[in-house]
Amino acid sequence: MTFRELKVIEPILEALEEKGYKNPTPIQEQSILPILNNKDLLGLAQTGTGKTAAFAITVIQQLYQSSSAGKKREIRALVLTPTRELAIQIGECFHEYAKYTDLKQAVIFGGVNQNPQVLQLKRGVDILIATPGRLQDLMNQGIVCLNSVRHFVLAEADRLLDMGFIHDIKRLIPKLPRQKQTLFFSATMPPSIAVFSSSILNNPVKVTVA
Ligand code: AMP
């Protein structure tokens with residue numbers, strides 16, 4: 001199987017080639033086509049399986065293809081992640097895979113001065129990678145608006161819940177448009193996560209990799 005066979009488009013293929021990715025990993029093989037078909041996805045996958053690329057490649061491709069040329073840049077994809085380290089790592093992946101597109105992204109997290117993040121947001125971004133606390137803060141200040149989000153990714157749902165972000169997420173979800181794709185990734189699937197996932201996913205494709 002190749003990324004080309006999974007219908008990944010040229011500007012992304014070129015970036016993957018530069019990264020030295022020869023073939024998709026099992027989670028990429030199973031999830032890329034359904035995500036590109038705009039299905040919701042429940043992915044049970046550990047770190048190290050290539051799940052970040054699975055959602056980053058497909059989100060970038062969908063945004064690239066739903067051109068916003070001539071329009072004001074708005075946040076069309078939101079990736080929620082529990083920690084600053086993960087947010088930065090995911091941001092780097094998006095940056096690398098999107099290098100041959102004109103998509104712009106920002107990474108926001110707490111514990112640092114918000115001003116550089118605010119400046120970046122004000123210049124306009126397509127993709128926002130965020131930890132829940134800082135996201136909530138900047139929404140409350142009217143700096144982040146999520147009315148145009150079409151792709152919503154929970155990158156490590158079990159850790160988000162373990163770290164006590166459940167209430168933040170429950171407050172956030174009604175503020176997102178109803179019409180959107182949700183991609184839900186977790187390394188474990190205890191009953192609490194299963195219940196939570198079924199409350200926010202719409203007829204998802206389920207993918208499990210060891
Ligand atoms: P993740 O599971 O998202 O934390 O990714 C684990 C690591 O695998 C990262 O360092 C990626 O750069 C790398 N990776 C992701 N997809 C591929 C691929 N198709 N081929 C080779 N390496 C990959």
# chains A, B, ... in the order shown; residues from 1 in each chain; ligands from 1
$ residues_near_ligand --ligand "ligand 1" --cutoff "6 Å" --atoms "only C-alpha atoms and all ligand atoms" --output "PyMOL selection string"
chain A and resi 21-25+47-53
$ write_last_selection --atoms "all heavy atoms" --output "mmCIF file, in the first residue's frame"
data_model
loop_
_atom_site.group_PDB
_atom_site.id
_atom_site.type_symbol
_atom_site.label_atom_id
_atom_site.label_comp_id
_atom_site.auth_asym_id
_atom_site.auth_seq_id
_atom_site.Cartn_x
_atom_site.Cartn_y
_atom_site.Cartn_z
ATOM 1 N N TYR A 21 8.960 8.947 4.687
ATOM 2 C CA TYR A 21 7.895 7.960 4.912
ATOM 3 C C TYR A 21 7.682 7.198 3.607
ATOM 4 O O TYR A 21 7.236 7.777 2.621
ATOM 5 C CB TYR A 21 6.571 8.627 5.302
ATOM 6 C CG TYR A 21 6.544 9.369 6.606
ATOM 7 C CD1 TYR A 21 7.672 9.482 7.409
ATOM 8 C CD2 TYR A 21 5.360 9.961 7.049
ATOM 9 C CE1 TYR A 21 7.620 10.171 8.611
ATOM 10 C CE2 TYR A 21 5.309 10.645 8.247
ATOM 11 C CZ TYR A 21 6.439 10.760 9.020
ATOM 12 O OH TYR A 21 6.381 11.445 10.202
ATOM 13 N N LYS A 22 7.991 5.904 3.608
ATOM 14 C CA LYS A 22 7.858 5.136 2.368
ATOM 15 C C LYS A 22 6.444 4.586 2.228
ATOM 16 O O LYS A 22 5.850 4.633 1.163
ATOM 17 C CB LYS A 22 8.879 3.992 2.342
ATOM 18 C CG LYS A 22 10.321 4.499 2.406
ATOM 19 C CD LYS A 22 11.184 3.851 1.360
ATOM 20 C CE LYS A 22 12.494 4.540 1.081
ATOM 21 N NZ LYS A 22 12.888 5.677 1.902
ATOM 22 N N ASN A 23 5.922 4.024 3.316
ATOM 23 C CA ASN A 23 4.595 3.407 3.274
ATOM 24 C C ASN A 23 3.789 3.847 4.475
ATOM 25 O O ASN A 23 4.346 4.152 5.520
ATOM 26 C CB ASN A 23 4.723 1.882 3.291
ATOM 27 C CG ASN A 23 5.482 1.388 2.084
ATOM 28 O OD1 ASN A 23 6.677 1.118 2.168
ATOM 29 N ND2 ASN A 23 4.818 1.324 0.966
ATOM 30 N N PRO A 24 2.456 3.826 4.332
ATOM 31 C CA PRO A 24 1.618 4.167 5.478
ATOM 32 C C PRO A 24 1.728 3.111 6.577
ATOM 33 O O PRO A 24 1.935 1.929 6.279
ATOM 34 C CB PRO A 24 0.199 4.189 4.908
ATOM 35 C CG PRO A 24 0.293 3.840 3.481
ATOM 36 C CD PRO A 24 1.701 3.558 3.111
ATOM 37 N N THR A 25 1.599 3.518 7.813
ATOM 38 C CA THR A 25 1.550 2.563 8.930
ATOM 39 C C THR A 25 0.135 1.949 8.959
ATOM 40 O O THR A 25 -0.769 2.458 8.287
ATOM 41 C CB THR A 25 1.815 3.286 10.267
ATOM 42 O OG1 THR A 25 0.748 4.209 10.497
ATOM 43 C CG2 THR A 25 3.145 4.039 10.253
ATOM 44 N N THR A 47 0.653 5.909 21.143
ATOM 45 C CA THR A 47 1.681 6.784 20.579
ATOM 46 C C THR A 47 2.712 5.896 19.871
ATOM 47 O O THR A 47 3.002 4.798 20.342
ATOM 48 C CB THR A 47 2.368 7.576 21.703
ATOM 49 O OG1 THR A 47 1.361 8.311 22.376
ATOM 50 C CG2 THR A 47 3.411 8.522 21.168
ATOM 51 N N GLY A 48 3.208 6.359 18.749
ATOM 52 C CA GLY A 48 4.221 5.588 18.030
ATOM 53 C C GLY A 48 3.644 4.803 16.871
ATOM 54 O O GLY A 48 4.378 4.196 16.105
ATOM 55 N N THR A 49 2.321 4.833 16.710
ATOM 56 C CA THR A 49 1.683 4.071 15.634
ATOM 57 C C THR A 49 1.538 4.894 14.350
ATOM 58 O O THR A 49 1.172 4.361 13.308
ATOM 59 C CB THR A 49 0.270 3.629 16.055
ATOM 60 O OG1 THR A 49 -0.437 4.790 16.516
ATOM 61 C CG2 THR A 49 0.312 2.605 17.171
ATOM 62 N N GLY A 50 1.788 6.196 14.470
ATOM 63 C CA GLY A 50 1.614 7.066 13.300
ATOM 64 C C GLY A 50 0.240 7.702 13.244
ATOM 65 O O GLY A 50 -0.202 8.173 12.200
ATOM 66 N N LYS A 51 -0.428 7.776 14.387
ATOM 67 C CA LYS A 51 -1.794 8.325 14.369
ATOM 68 C C LYS A 51 -1.808 9.839 14.114
ATOM 69 O O LYS A 51 -2.740 10.349 13.495
ATOM 70 C CB LYS A 51 -2.542 7.987 15.648
ATOM 71 C CG LYS A 51 -2.041 8.702 16.874
ATOM 72 C CD LYS A 51 -2.890 8.316 18.072
ATOM 73 C CE LYS A 51 -2.269 8.775 19.372
ATOM 74 N NZ LYS A 51 -1.952 10.189 19.468
ATOM 75 N N THR A 52 -0.751 10.527 14.557
ATOM 76 C CA THR A 52 -0.738 11.980 14.323
ATOM 77 C C THR A 52 -0.748 12.262 12.821
ATOM 78 O O THR A 52 -1.511 13.105 12.344
ATOM 79 C CB THR A 52 0.504 12.625 14.973
ATOM 80 O OG1 THR A 52 0.588 12.164 16.319
ATOM 81 C CG2 THR A 52 0.410 14.133 14.951
ATOM 82 N N ALA A 53 0.092 11.525 12.089
ATOM 83 C CA ALA A 53 0.111 11.732 10.639
ATOM 84 C C ALA A 53 -1.228 11.339 10.035
ATOM 85 O O ALA A 53 -1.699 11.974 9.087
ATOM 86 C CB ALA A 53 1.241 10.930 10.004
#
$ residues_around --residues "region 147-151 of chain A" --least-positions-apart "5" --cutoff "8 Å" --atoms "only C-alpha atoms" --output "ChimeraX atom specification"
/A:59,74-78,175-177,179-183
$ select_by_dssp --residues "region 59-102 of chain A" --states "helix (DSSP H, G or I)" --output "JSON list (two decimals) with C-alpha atoms, in the first residue's frame"
[["chain", "number", "residue", "atom", "x", "y", "z"],
["A", 59, "VAL", "CA", -7.20, 17.25, 7.77],
["A", 60, "ILE", "CA", -4.66, 19.16, 5.68],
["A", 61, "GLN", "CA", -5.93, 17.50, 2.50],
["A", 62, "GLN", "CA", -9.58, 18.26, 3.20],
["A", 63, "LEU", "CA", -8.82, 21.90, 4.03],
["A", 64, "TYR", "CA", -6.62, 22.24, 0.95],
["A", 65, "GLN", "CA", -9.37, 20.86, -1.25],
["A", 84, "ARG", "CA", 1.91, 21.66, 25.85],
["A", 85, "GLU", "CA", 4.50, 19.09, 24.70],
["A", 86, "LEU", "CA", 1.97, 17.18, 22.64],
["A", 87, "ALA", "CA", 0.53, 20.39, 21.23],
["A", 88, "ILE", "CA", 3.98, 21.46, 20.05],
["A", 89, "GLN", "CA", 4.73, 18.02, 18.57],
["A", 90, "ILE", "CA", 1.43, 17.92, 16.71],
["A", 91, "GLY", "CA", 2.01, 21.47, 15.50],
["A", 92, "GLU", "CA", 5.36, 20.41, 14.07],
["A", 93, "CYS", "CA", 3.73, 17.52, 12.21],
["A", 94, "PHE", "CA", 1.10, 19.80, 10.66],
["A", 95, "HIS", "CA", 3.80, 22.29, 9.76],
["A", 96, "GLU", "CA", 5.87, 19.66, 7.98],
["A", 97, "TYR", "CA", 3.07, 17.88, 6.13]]
$ residues_around --residues "Met139 (chain A)" --least-positions-apart "4" --cutoff "12 Å" --atoms "only C-alpha atoms" --output "PyMOL selection string"
chain A and resi 108+118+121+130+132-135+143-147+168+171-172+175-176
$ closest_residue --among "A:Met1, A:Leu36, A:Ala98, A:Ile166" --to "Leu13 (chain A)" --atoms "only C-alpha atoms"
A:Ala98
$ closest_residue --among "A:Val8, A:Asn202, A:Ala157, A:Phe196" --to "Gly43 (chain A)" --atoms "only C-alpha atoms"
A:Ala157
$ closest_residue --among "A:Ala56, A:Leu16, A:Lys170, A:Leu6" --to "Pro34 (chain A)" --atoms "only C-alpha atoms"
A:Leu6
$ closest_residue --among "A:Lys99, A:Gln46, A:Lys122, A:Phe3" --to "Ala15 (chain A)" --atoms "only C-alpha atoms"
A:Lys99
$ atom_distance --atom1 "CA of Lys19 (chain A)" --atom2 "CA of Tyr100 (chain A)"
12.9 Å
$ closest_residue --among "A:Asp158, A:Val153, A:Ile57, A:His167" --to "Leu41 (chain A)" --atoms "only C-alpha atoms"
A:Val153
$ select_by_dssp --residues "region 37-109 of chain A" --states "strand (DSSP E or B)" --output "number ranges by chain"
A: 41-44, 77-80, 105-108
$ closest_residue --among "A:Leu201, A:Ile127, A:Leu161, A:Ile193" --to "Val79 (chain A)" --atoms "only C-alpha atoms"
A:Ile127
$ atom_distance --atom1 "CA of Lys71 (chain A)" --atom2 "CA of Leu128 (chain A)"
17.6 Å
